[in-house]
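One file, work_22.pdb, is given below (PDB, C-alpha atoms).
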ATOM      1  CA  MET A  24     183.270  43.912 -36.814
ATOM      2  CA  ILE A  25     182.574  42.658 -33.286
ATOM      3  CA  PHE A  26     186.283  42.031 -32.674
ATOM      4  CA  TYR A  27     187.170  45.513 -33.833
ATOM      5  CA  VAL A  28     184.563  47.083 -31.564
ATOM      6  CA  LEU A  29     185.677  45.040 -28.537
ATOM      7  CA  VAL A  30     189.338  45.936 -29.054
ATOM      8  CA  ARG A  31     188.725  49.547 -29.998
ATOM      9  CA  GLN A  32     186.561  50.274 -26.970
ATOM     10  CA  ALA A  33     188.881  48.427 -24.579
ATOM     11  CA  LEU A  34     191.818  50.444 -25.898
ATOM     12  CA  LEU A  35     189.861  53.703 -25.656
ATOM     13  CA  GLU A  36     189.062  52.817 -22.049
ATOM     14  CA  GLY A  37     192.790  52.512 -21.460
ATOM     15  CA  GLY A  38     193.512  55.828 -23.134
ATOM     16  CA  ILE A  39     194.774  54.494 -26.463
ATOM     17  CA  ASP A  40     192.956  56.355 -29.232
ATOM     18  CA  ASP A  41     194.612  54.794 -32.268
ATOM     19  CA  GLU A  42     192.445  53.222 -34.971
ATOM     20  CA  GLY A  43     195.460  51.558 -36.614
ATOM     21  CA  THR A  44     196.423  49.747 -33.439
ATOM     22  CA  SER A  45     192.813  48.702 -32.867
ATOM     23  CA  ASP A  46     192.510  47.386 -36.398
ATOM     24  CA  TYR A  47     195.789  45.460 -36.214
ATOM     25  CA  VAL A  48     195.069  43.847 -32.837
ATOM     26  CA  ALA A  49     191.505  42.921 -33.849
ATOM     27  CA  SER A  50     192.767  41.447 -37.128
ATOM     28  CA  MET A  51     195.298  39.407 -35.174
ATOM     29  CA  LEU A  52     192.584  38.026 -32.894
ATOM     30  CA  VAL A  53     190.467  37.016 -35.876
ATOM     31  CA  SER A  54     193.437  35.300 -37.549
ATOM     32  CA  PHE A  55     194.538  33.517 -34.383
ATOM     33  CA  GLY A  56     191.038  32.202 -33.848
ATOM     34  CA  ARG A  57     191.568  29.972 -36.863
ATOM     35  CA  ALA A  58     192.944  26.574 -35.991
ATOM     36  CA  GLY A  59     196.709  26.514 -35.709
ATOM     37  CA  ARG A  60     197.383  30.051 -36.950
ATOM     38  CA  ALA A  61     198.527  31.197 -33.507
ATOM     39  CA  TYR A  62     201.448  28.783 -33.809
ATOM     40  CA  ARG A  63     202.553  29.526 -37.368
ATOM     41  CA  ILE A  64     204.379  32.643 -38.485
ATOM     42  CA  SER A  65     202.282  32.928 -41.650
ATOM     43  CA  ASP A  66     199.473  31.175 -43.476
ATOM     44  CA  GLU A  67     201.995  29.599 -45.834
ATOM     45  CA  GLU A  68     204.258  28.120 -43.155
ATOM     46  CA  ASP A  69     203.698  24.586 -41.872
ATOM     47  CA  VAL A  70     206.170  24.668 -38.975
ATOM     48  CA  GLU A  71     204.535  25.380 -35.633
ATOM     49  CA  PHE A  72     206.037  27.284 -32.701
ATOM     50  CA  HIS A  73     204.380  26.713 -29.349
ATOM     51  CA  TYR A  74     206.922  28.552 -27.226
ATOM     52  CA  LEU A  75     208.481  31.994 -27.405
ATOM     53  CA  ALA A  76     211.818  30.377 -26.604
ATOM     54  CA  ASP A  77     211.632  28.363 -29.834
ATOM     55  CA  MET A  78     210.980  31.507 -31.879
ATOM     56  CA  ILE A  79     213.911  33.271 -30.224
ATOM     57  CA  SER A  80     216.126  30.286 -31.007
ATOM     58  CA  GLU A  81     214.934  30.174 -34.621
ATOM     59  CA  LEU A  82     215.743  33.878 -35.023
ATOM     60  CA  ARG A  83     219.445  33.169 -34.661
ATOM     61  CA  SER A  84     219.596  31.529 -38.066
ATOM     62  CA  ALA A  85     216.683  33.243 -39.827
ATOM     63  CA  GLU A  86     217.188  35.909 -42.455
ATOM     64  CA  GLY A  87     215.171  38.308 -44.578
ATOM     65  CA  ARG A  88     211.418  37.790 -44.742
ATOM     66  CA  LYS A  89     211.431  34.833 -42.380
ATOM     67  CA  ARG A  90     213.288  36.863 -39.775
ATOM     68  CA  PHE A  91     210.707  39.625 -40.117
ATOM     69  CA  LEU A  92     207.783  37.194 -39.843
ATOM     70  CA  LEU A  93     209.320  35.566 -36.773
ATOM     71  CA  ARG A  94     209.704  38.916 -35.044
ATOM     72  CA  VAL A  95     206.134  39.952 -35.793
ATOM     73  CA  HIS A  96     204.887  36.575 -34.650
ATOM     74  CA  MET A  97     206.779  36.889 -31.385
ATOM     75  CA  GLY A  98     204.792  40.056 -30.753
ATOM     76  CA  ASP A  99     201.498  38.571 -31.889
ATOM     77  CA  PHE A 100     201.921  35.353 -29.934
ATOM     78  CA  ALA A 101     203.034  37.119 -26.756
ATOM     79  CA  LEU A 102     200.136  39.575 -26.982
ATOM     80  CA  TRP A 103     197.628  36.809 -27.677
ATOM     81  CA  MET A 104     198.820  34.699 -24.771
ATOM     82  CA  SER A 105     199.300  37.444 -22.175
ATOM     83  CA  GLY A 106     196.239  39.380 -23.341
ATOM     84  CA  LEU A 107     193.580  36.695 -23.560
ATOM     85  CA  PHE A 108     194.892  33.945 -21.285
ATOM     86  CA  PRO A 109     196.550  35.734 -18.350
ATOM     87  CA  ASP A 110     194.871  33.527 -15.733
ATOM     88  CA  TYR A 111     196.296  30.451 -17.435
ATOM     89  CA  LEU A 112     199.791  31.957 -17.624
ATOM     90  CA  GLU A 113     199.729  33.145 -14.019
ATOM     91  CA  ALA A 114     198.569  29.731 -12.813
ATOM     92  CA  ARG A 115     201.466  28.096 -14.652
ATOM     93  CA  THR A 116     203.854  30.621 -13.151
ATOM     94  CA  ARG A 117     202.654  29.761  -9.644
ATOM     95  CA  ARG A 118     202.511  26.000 -10.120
ATOM     96  CA  LYS A 119     205.398  25.277 -12.430
ATOM     97  CA  GLY A 120     207.640  28.317 -12.348
ATOM     98  CA  ALA A 121     206.781  29.168 -15.959
ATOM     99  CA  PRO A 122     207.656  32.657 -17.259
ATOM    100  CA  PRO A 123     205.523  35.500 -15.841
ATOM    101  CA  LEU A 124     203.470  38.005 -17.826
ATOM    102  CA  SER A 125     206.418  40.393 -17.818
ATOM    103  CA  TYR A 126     208.399  37.863 -19.875
ATOM    104  CA  PHE A 127     205.708  37.902 -22.561
ATOM    105  CA  GLU A 128     205.557  41.696 -22.454
ATOM    106  CA  GLU A 129     209.304  42.066 -22.801
ATOM    107  CA  TRP A 130     209.734  39.651 -25.698
ATOM    108  CA  GLY A 131     206.509  40.687 -27.392
ATOM    109  CA  ALA A 132     207.453  44.347 -27.414
ATOM    110  CA  THR A 133     210.969  43.481 -28.577
ATOM    111  CA  GLY A 134     209.604  41.418 -31.455
ATOM    112  CA  TYR A 135     207.272  44.170 -32.647
ATOM    113  CA  ARG A 136     209.916  46.864 -32.210
ATOM    114  CA  ASN A 137     212.597  45.021 -34.170
ATOM    115  CA  ALA A 138     210.081  44.101 -36.860
ATOM    116  CA  SER A 139     208.960  47.733 -37.154
ATOM    117  CA  GLU A 140     212.506  48.814 -37.993
ATOM    118  CA  SER A 141     212.915  46.340 -40.835
ATOM    119  CA  ILE A 142     212.797  46.924 -44.557
ATOM    120  CA  GLU A 143     209.888  44.504 -44.839
ATOM    121  CA  ALA A 144     207.749  46.566 -42.463
ATOM    122  CA  GLY A 145     208.433  49.647 -44.553
ATOM    123  CA  GLU A 146     207.450  47.874 -47.749
ATOM    124  CA  LEU A 147     204.156  46.849 -46.151
ATOM    125  CA  GLY A 148     203.549  50.272 -44.618
ATOM    126  CA  MET A 149     203.515  48.671 -41.180
ATOM    127  CA  ASN A 150     206.313  50.597 -39.406
ATOM    128  CA  THR A 151     203.993  52.894 -37.504
ATOM    129  CA  VAL A 152     201.484  50.246 -36.470
ATOM    130  CA  LEU A 153     204.127  47.795 -35.248
ATOM    131  CA  SER A 154     206.129  50.422 -33.378
ATOM    132  CA  GLY A 155     202.898  51.728 -31.858
ATOM    133  CA  VAL A 156     201.968  48.329 -30.461
ATOM    134  CA  ALA A 157     205.553  47.820 -29.276
ATOM    135  CA  ASN A 158     205.634  51.108 -27.399
ATOM    136  CA  GLN A 159     202.259  50.489 -25.765
ATOM    137  CA  PHE A 160     202.510  46.733 -25.374
ATOM    138  CA  SER A 161     201.665  46.693 -21.678
ATOM    139  CA  ALA A 162     198.625  48.939 -22.142
ATOM    140  CA  VAL A 163     197.389  46.905 -25.111
ATOM    141  CA  ARG A 164     197.860  43.701 -23.130
ATOM    142  CA  THR A 165     195.899  45.216 -20.252
ATOM    143  CA  ALA A 166     193.070  46.169 -22.629
ATOM    144  CA  LEU A 167     192.907  42.575 -23.880
ATOM    145  CA  ASN A 168     192.862  41.401 -20.248
ATOM    146  CA  ARG A 169     189.695  43.443 -19.766
ATOM    147  CA  ILE A 170     188.092  41.770 -22.781
ATOM    148  CA  SER A 171     189.191  38.351 -21.562
ATOM    149  CA  ASP A 172     187.944  38.891 -18.017
ATOM    150  CA  ARG A 173     184.616  40.446 -18.995
ATOM    151  CA  TYR A 174     183.534  38.522 -22.062
ATOM    152  CA  PHE A 175     185.579  35.380 -22.590
ATOM    153  CA  TRP A 176     186.031  34.003 -19.083
ATOM    154  CA  PRO A 177     183.718  36.022 -16.826
ATOM    155  CA  GLY A 178     183.388  34.919 -13.242
ATOM    156  CA  LYS A 179     186.517  32.800 -13.283
ATOM    157  CA  GLY A 180     189.923  33.458 -11.807
ATOM    158  CA  ASP A 181     190.895  35.540  -8.802
ATOM    159  CA  SER A 182     188.866  38.767  -8.989
ATOM    160  CA  ILE A 183     191.406  40.714  -6.919
ATOM    161  CA  SER A 184     194.358  39.746  -9.063
ATOM    162  CA  ARG A 185     192.269  40.409 -12.174
ATOM    163  CA  LEU A 186     191.479  43.922 -11.002
ATOM    164  CA  PHE A 187     195.092  44.541 -10.028
ATOM    165  CA  ARG A 188     196.277  43.254 -13.396
ATOM    166  CA  GLU A 189     193.804  45.428 -15.304
ATOM    167  CA  VAL A 190     194.569  48.576 -13.356
ATOM    168  CA  THR A 191     198.313  48.329 -12.970
ATOM    169  CA  GLY A 192     199.283  46.228 -15.927
ATOM    170  CA  GLY A 193     201.183  44.074 -13.482
TER     171      GLY A 193
ATOM    172  CA  MET B   7     201.760  38.456 -42.079
ATOM    173  CA  ILE B   8     198.589  39.698 -40.526
ATOM    174  CA  LEU B   9     197.518  43.051 -41.882
ATOM    175  CA  PRO B  10     194.983  45.432 -40.313
ATOM    176  CA  THR B  11     192.101  44.919 -42.708
ATOM    177  CA  ILE B  12     188.927  44.961 -40.656
ATOM    178  CA  ARG B  13     188.116  48.649 -41.019
ATOM    179  CA  ALA B  14     188.747  48.561 -44.744
ATOM    180  CA  SER B  15     186.410  45.590 -45.070
ATOM    181  CA  LEU B  16     183.446  47.309 -43.438
ATOM    182  CA  SER B  17     180.663  47.865 -45.934
ATOM    183  CA  ARG B  18     177.693  50.135 -46.329
ATOM    184  CA  SER B  19     175.501  47.415 -44.857
ATOM    185  CA  ASP B  20     177.748  47.284 -41.780
ATOM    186  CA  ALA B  21     177.242  51.021 -41.356
ATOM    187  CA  GLN B  22     173.490  50.602 -41.718
ATOM    188  CA  GLN B  23     173.596  47.837 -39.123
ATOM    189  CA  LEU B  24     175.330  50.158 -36.668
ATOM    190  CA  VAL B  25     172.691  52.823 -37.260
ATOM    191  CA  HIS B  26     169.981  50.230 -36.663
ATOM    192  CA  LEU B  27     171.616  49.031 -33.444
ATOM    193  CA  LEU B  28     172.069  52.518 -32.036
ATOM    194  CA  GLY B  29     168.511  53.479 -32.876
ATOM    195  CA  ARG B  30     166.659  50.282 -32.226
ATOM    196  CA  THR B  31     164.756  51.670 -29.240
ATOM    197  CA  ASP B  32     164.131  55.206 -30.424
ATOM    198  CA  PRO B  33     163.641  56.646 -33.937
ATOM    199  CA  GLU B  34     165.290  59.902 -32.855
ATOM    200  CA  LEU B  35     168.427  58.021 -31.830
ATOM    201  CA  ALA B  36     168.397  56.273 -35.189
ATOM    202  CA  GLU B  37     168.167  59.596 -36.990
ATOM    203  CA  ALA B  38     170.982  61.023 -34.865
ATOM    204  CA  ALA B  39     173.147  58.013 -35.695
ATOM    205  CA  ARG B  40     172.360  58.410 -39.390
ATOM    206  CA  LEU B  41     173.428  62.050 -39.271
ATOM    207  CA  ARG B  42     176.645  61.180 -37.464
ATOM    208  CA  LEU B  43     177.394  58.564 -40.075
ATOM    209  CA  GLU B  44     176.967  61.106 -42.876
ATOM    210  CA  GLU B  45     178.944  63.844 -41.147
ATOM    211  CA  SER B  46     181.726  61.919 -39.403
ATOM    212  CA  GLY B  47     181.838  58.502 -40.997
ATOM    213  CA  ILE B  48     181.562  54.994 -39.632
ATOM    214  CA  GLY B  49     184.342  55.546 -37.090
ATOM    215  CA  SER B  50     182.098  57.768 -35.009
ATOM    216  CA  LEU B  51     179.557  54.949 -34.691
ATOM    217  CA  LEU B  52     182.191  52.298 -33.953
ATOM    218  CA  ASP B  53     183.506  54.493 -31.137
ATOM    219  CA  ASP B  54     180.086  54.979 -29.560
ATOM    220  CA  PRO B  55     180.203  53.379 -26.082
ATOM    221  CA  ARG B  56     176.707  51.935 -26.613
ATOM    222  CA  ILE B  57     177.586  49.967 -29.716
ATOM    223  CA  GLN B  58     179.555  47.249 -27.943
ATOM    224  CA  ASN B  59     176.674  46.161 -25.760
ATOM    225  CA  ALA B  60     174.239  46.512 -28.639
ATOM    226  CA  LEU B  61     176.351  44.203 -30.796
ATOM    227  CA  LEU B  62     176.770  41.614 -28.084
ATOM    228  CA  THR B  63     173.125  41.472 -27.087
ATOM    229  CA  ASP B  64     171.107  42.110 -30.232
ATOM    230  CA  PRO B  65     169.446  38.874 -31.397
ATOM    231  CA  ASP B  66     169.510  40.045 -34.997
ATOM    232  CA  VAL B  67     173.285  40.422 -35.153
ATOM    233  CA  SER B  68     174.703  37.655 -37.295
ATOM    234  CA  VAL B  69     178.169  37.294 -35.830
ATOM    235  CA  ALA B  70     179.563  34.090 -34.372
ATOM    236  CA  PRO B  71     180.012  34.398 -30.622
ATOM    237  CA  PRO B  72     183.562  35.697 -30.288
ATOM    238  CA  ARG B  73     184.232  33.733 -27.139
ATOM    239  CA  ASP B  74     183.589  30.397 -28.792
ATOM    240  CA  PHE B  75     185.639  31.429 -31.792
ATOM    241  CA  LEU B  76     188.687  32.300 -29.727
ATOM    242  CA  ARG B  77     188.324  29.314 -27.463
ATOM    243  CA  ALA B  78     188.462  27.084 -30.522
ATOM    244  CA  GLY B  79     191.651  28.792 -31.633
ATOM    245  CA  ALA B  80     193.185  28.336 -28.202
ATOM    246  CA  ALA B  81     192.127  24.730 -27.773
ATOM    247  CA  SER B  82     195.522  23.212 -28.441
ATOM    248  CA  PHE B  83     197.395  24.991 -25.703
ATOM    249  CA  THR B  84     194.605  24.690 -23.148
ATOM    250  CA  ARG B  85     194.988  20.954 -23.609
ATOM    251  CA  GLY B  86     198.444  21.413 -22.184
ATOM    252  CA  ARG B  87     200.685  21.858 -25.196
ATOM    253  CA  ASN B  88     202.019  25.230 -24.153
ATOM    254  CA  ARG B  89     204.248  26.299 -21.301
TER     255      ARG B  89
END

Write the structure described by the file as structure tokens, please.
Amino acid sequence: MIFYVLVRQALLEGGIDDEGTSDYVASMLVSFGRAGRAYRISDEEDVEFHYLADMISELRSAEGRKRFLLRVHMGDFALWMSGLFPDYLEARTRRKGAPPLSYFEEWGATGYRNASESIEAGELGMNTVLSGVANQFSAVRTALNRISDRYFWPGKGDSISRLFREVTGG
Amino acid sequence: MILPTIRASLSRSDAQQLVHLLGRTDPELAEAARLRLEESGIGSLLDDPRIQNALLTDPDVSVAPPRDFLRAGAASFTRGRNR
């Protein structure tokens, strides 16, 4: 329940009044908190993906349910990374030229959007939720940044860039 | 795939816990929360701006600290496995 409340109130603060989105994002956080789940496209899969680029590559040959799961996981993984660990990603961008937050936003939203249009999403009744997160990806990411900055890693990172990131989504 | 199941999993005891948290300092607030629960459902209590702080600070709340939970889940990439 605590995860739902944190996500719901952060989204409300950002103007997103959608219980379905709150429930989905909170459920994702709970699942990804379990060891290794953030790197697997489902509980049944053993193969781990640690990079968005690997998921994109895998999509080229994937079909059916696996293709759907890969697309959803692209969204989940990108939202998890850019939402809860933005300081880490930005530091890697500065030091090593790693992809910026906008890269995660772009591919995350694309994954959710493509997944939402699939037959599998319709069968699960997930079209609306997935398309909702896709269309508001930046705002949802910003809401998770607020949770990350306030509760998970308070007092760390550059306070100016944190504020800028929370306000502008940039 | 991950399905949104948290709201559906909330029980009557969860609702009672929210009422308790919102009214822990004042019986009138507890009664108001109970009325809101009956009239508008558990969503109205979950959306109350006071509930977040109450959940995070109440010593009687039996939830694992969310920060530690998520940090455990993120441990592999913070050790340098991700890029």

Correct to one decimal, the distance atom CA of Arg42 of chain B-atom CA of Leu61 of chain B is 18.2 Å

Write out as a ChimeraX atom specification each polymer residue whose atoms come within 8 Å of Ser50 of chain A, counting all atoms listed in the file; drop sequence neighbours fewer than 3 positions from it. /A:26-27,46-47,53-54 /B:8-12

*Residue among B:Gln23, B:Pro55, B:Ala60, B:Pro65 lying closest to chain A, counting all atoms listed in the file*: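 Checking each candidate against chain A, we get B:Pro55 as the closest.
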
Where does the PyMOL selection byres ((chain B and resi 56) around 12) land in this file, that is, which residues does it pick, as a compact mmCIF listing (two decimals) with C-alpha atoms, in the frame of the given file?
# COMPACT_ATOMS: atom_id res chain seq x y z
CA VAL A 28 184.56 47.08 -31.56
CA LEU A 29 185.68 45.04 -28.54
CA GLN A 32 186.56 50.27 -26.97
CA LEU B 24 175.33 50.16 -36.67
CA VAL B 25 172.69 52.82 -37.26
CA LEU B 27 171.62 49.03 -33.44
CA LEU B 28 172.07 52.52 -32.04
CA GLY B 29 168.51 53.48 -32.88
CA ARG B 30 166.66 50.28 -32.23
CA LEU B 35 168.43 58.02 -31.83
CA ALA B 39 173.15 58.01 -35.70
CA SER B 50 182.10 57.77 -35.01
CA LEU B 51 179.56 54.95 -34.69
CA LEU B 52 182.19 52.30 -33.95
CA ASP B 53 183.51 54.49 -31.14
CA ASP B 54 180.09 54.98 -29.56
CA PRO B 55 180.20 53.38 -26.08
CA ILE B 57 177.59 49.97 -29.72
CA GLN B 58 179.56 47.25 -27.94
CA ASN B 59 176.67 46.16 -25.76
CA ALA B 60 174.24 46.51 -28.64
CA LEU B 61 176.35 44.20 -30.80
CA LEU B 62 176.77 41.61 -28.08
CA THR B 63 173.12 41.47 -27.09
CA ASP B 64 171.11 42.11 -30.23

What does the PyMOL selection byres ((chain A) within 8 of (chain B)) select in this file, as a tab-separated table (two decimals) with C-alpha atoms, keeping the file's coordinate frame?
chain	number	residue	atom	x	y	z
A	24	MET	CA	183.27	43.91	-36.81
A	25	ILE	CA	182.57	42.66	-33.29
A	26	PHE	CA	186.28	42.03	-32.67
A	27	TYR	CA	187.17	45.51	-33.83
A	28	VAL	CA	184.56	47.08	-31.56
A	29	LEU	CA	185.68	45.04	-28.54
A	31	ARG	CA	188.72	49.55	-30.00
A	32	GLN	CA	186.56	50.27	-26.97
A	43	GLY	CA	195.46	51.56	-36.61
A	46	ASP	CA	192.51	47.39	-36.40
A	47	TYR	CA	195.79	45.46	-36.21
A	48	VAL	CA	195.07	43.85	-32.84
A	49	ALA	CA	191.50	42.92	-33.85
A	50	SER	CA	192.77	41.45	-37.13
A	51	MET	CA	195.30	39.41	-35.17
A	52	LEU	CA	192.58	38.03	-32.89
A	53	VAL	CA	190.47	37.02	-35.88
A	54	SER	CA	193.44	35.30	-37.55
A	55	PHE	CA	194.54	33.52	-34.38
A	56	GLY	CA	191.04	32.20	-33.85
A	57	ARG	CA	191.57	29.97	-36.86
A	58	ALA	CA	192.94	26.57	-35.99
A	59	GLY	CA	196.71	26.51	-35.71
A	60	ARG	CA	197.38	30.05	-36.95
A	61	ALA	CA	198.53	31.20	-33.51
A	64	ILE	CA	204.38	32.64	-38.48
A	65	SER	CA	202.28	32.93	-41.65
A	66	ASP	CA	199.47	31.18	-43.48
A	73	HIS	CA	204.38	26.71	-29.35
A	74	TYR	CA	206.92	28.55	-27.23
A	92	LEU	CA	207.78	37.19	-39.84
A	95	VAL	CA	206.13	39.95	-35.79
A	115	ARG	CA	201.47	28.10	-14.65
A	121	ALA	CA	206.78	29.17	-15.96
A	174	TYR	CA	183.53	38.52	-22.06
A	175	PHE	CA	185.58	35.38	-22.59

* Which polymer residues, protein or nucleic acid, are no farther than 9 Å from (200.1, 33.4, -27.8), counting only C-alpha atoms, as a ChimeraX atom specification? -> /A:55,61-62,73-75,96-108,127 /B:80

I'd like to know which of A:Ile170, A:Leu153, A:Val30, A:Met78 is closest to Trp130 of chain A, using all atoms listed in the file.
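Looking at the shortest contact to Trp130 of chain A, the residue is A:Met78.
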
Students should find that atom CA of Gly134 of chain A and atom CA of Leu35 of chain A are spaced 24.0 Å

Would you compute the distance between atom CA of Glu81 of chain A and atom CA of Arg164 of chain A? Give it in Å to one decimal.
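Computing the Euclidean distance for atom CA of Glu81 of chain A and atom CA of Arg164 of chain A yields 24.6 Å.
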
Counting only C-alpha atoms, which of A:Ser125, A:Ser184, A:Ser154, A:Ser171 gets nearest to Thr44 of chain A?
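Answer, going by the shortest atom-to-atom distance: A:Ser154.
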
Proximity to Ser139 of chain A - best of A:Ala157, A:Ile39, A:Arg169, A:Ile79, all atoms listed in the file: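 Result for the nearest residue to Ser139 of chain A: A:Ala157.
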
- Determine the residue membership of the PyMOL selection byres ((chain A and resi 151) around 12) for the file above and supply it as JSON, numbers by chain. {"A": [41, 42, 43, 44, 47, 135, 136, 138, 139, 140, 141, 144, 145, 146, 147, 148, 149, 150, 152, 153, 154, 155, 156, 157, 158]}
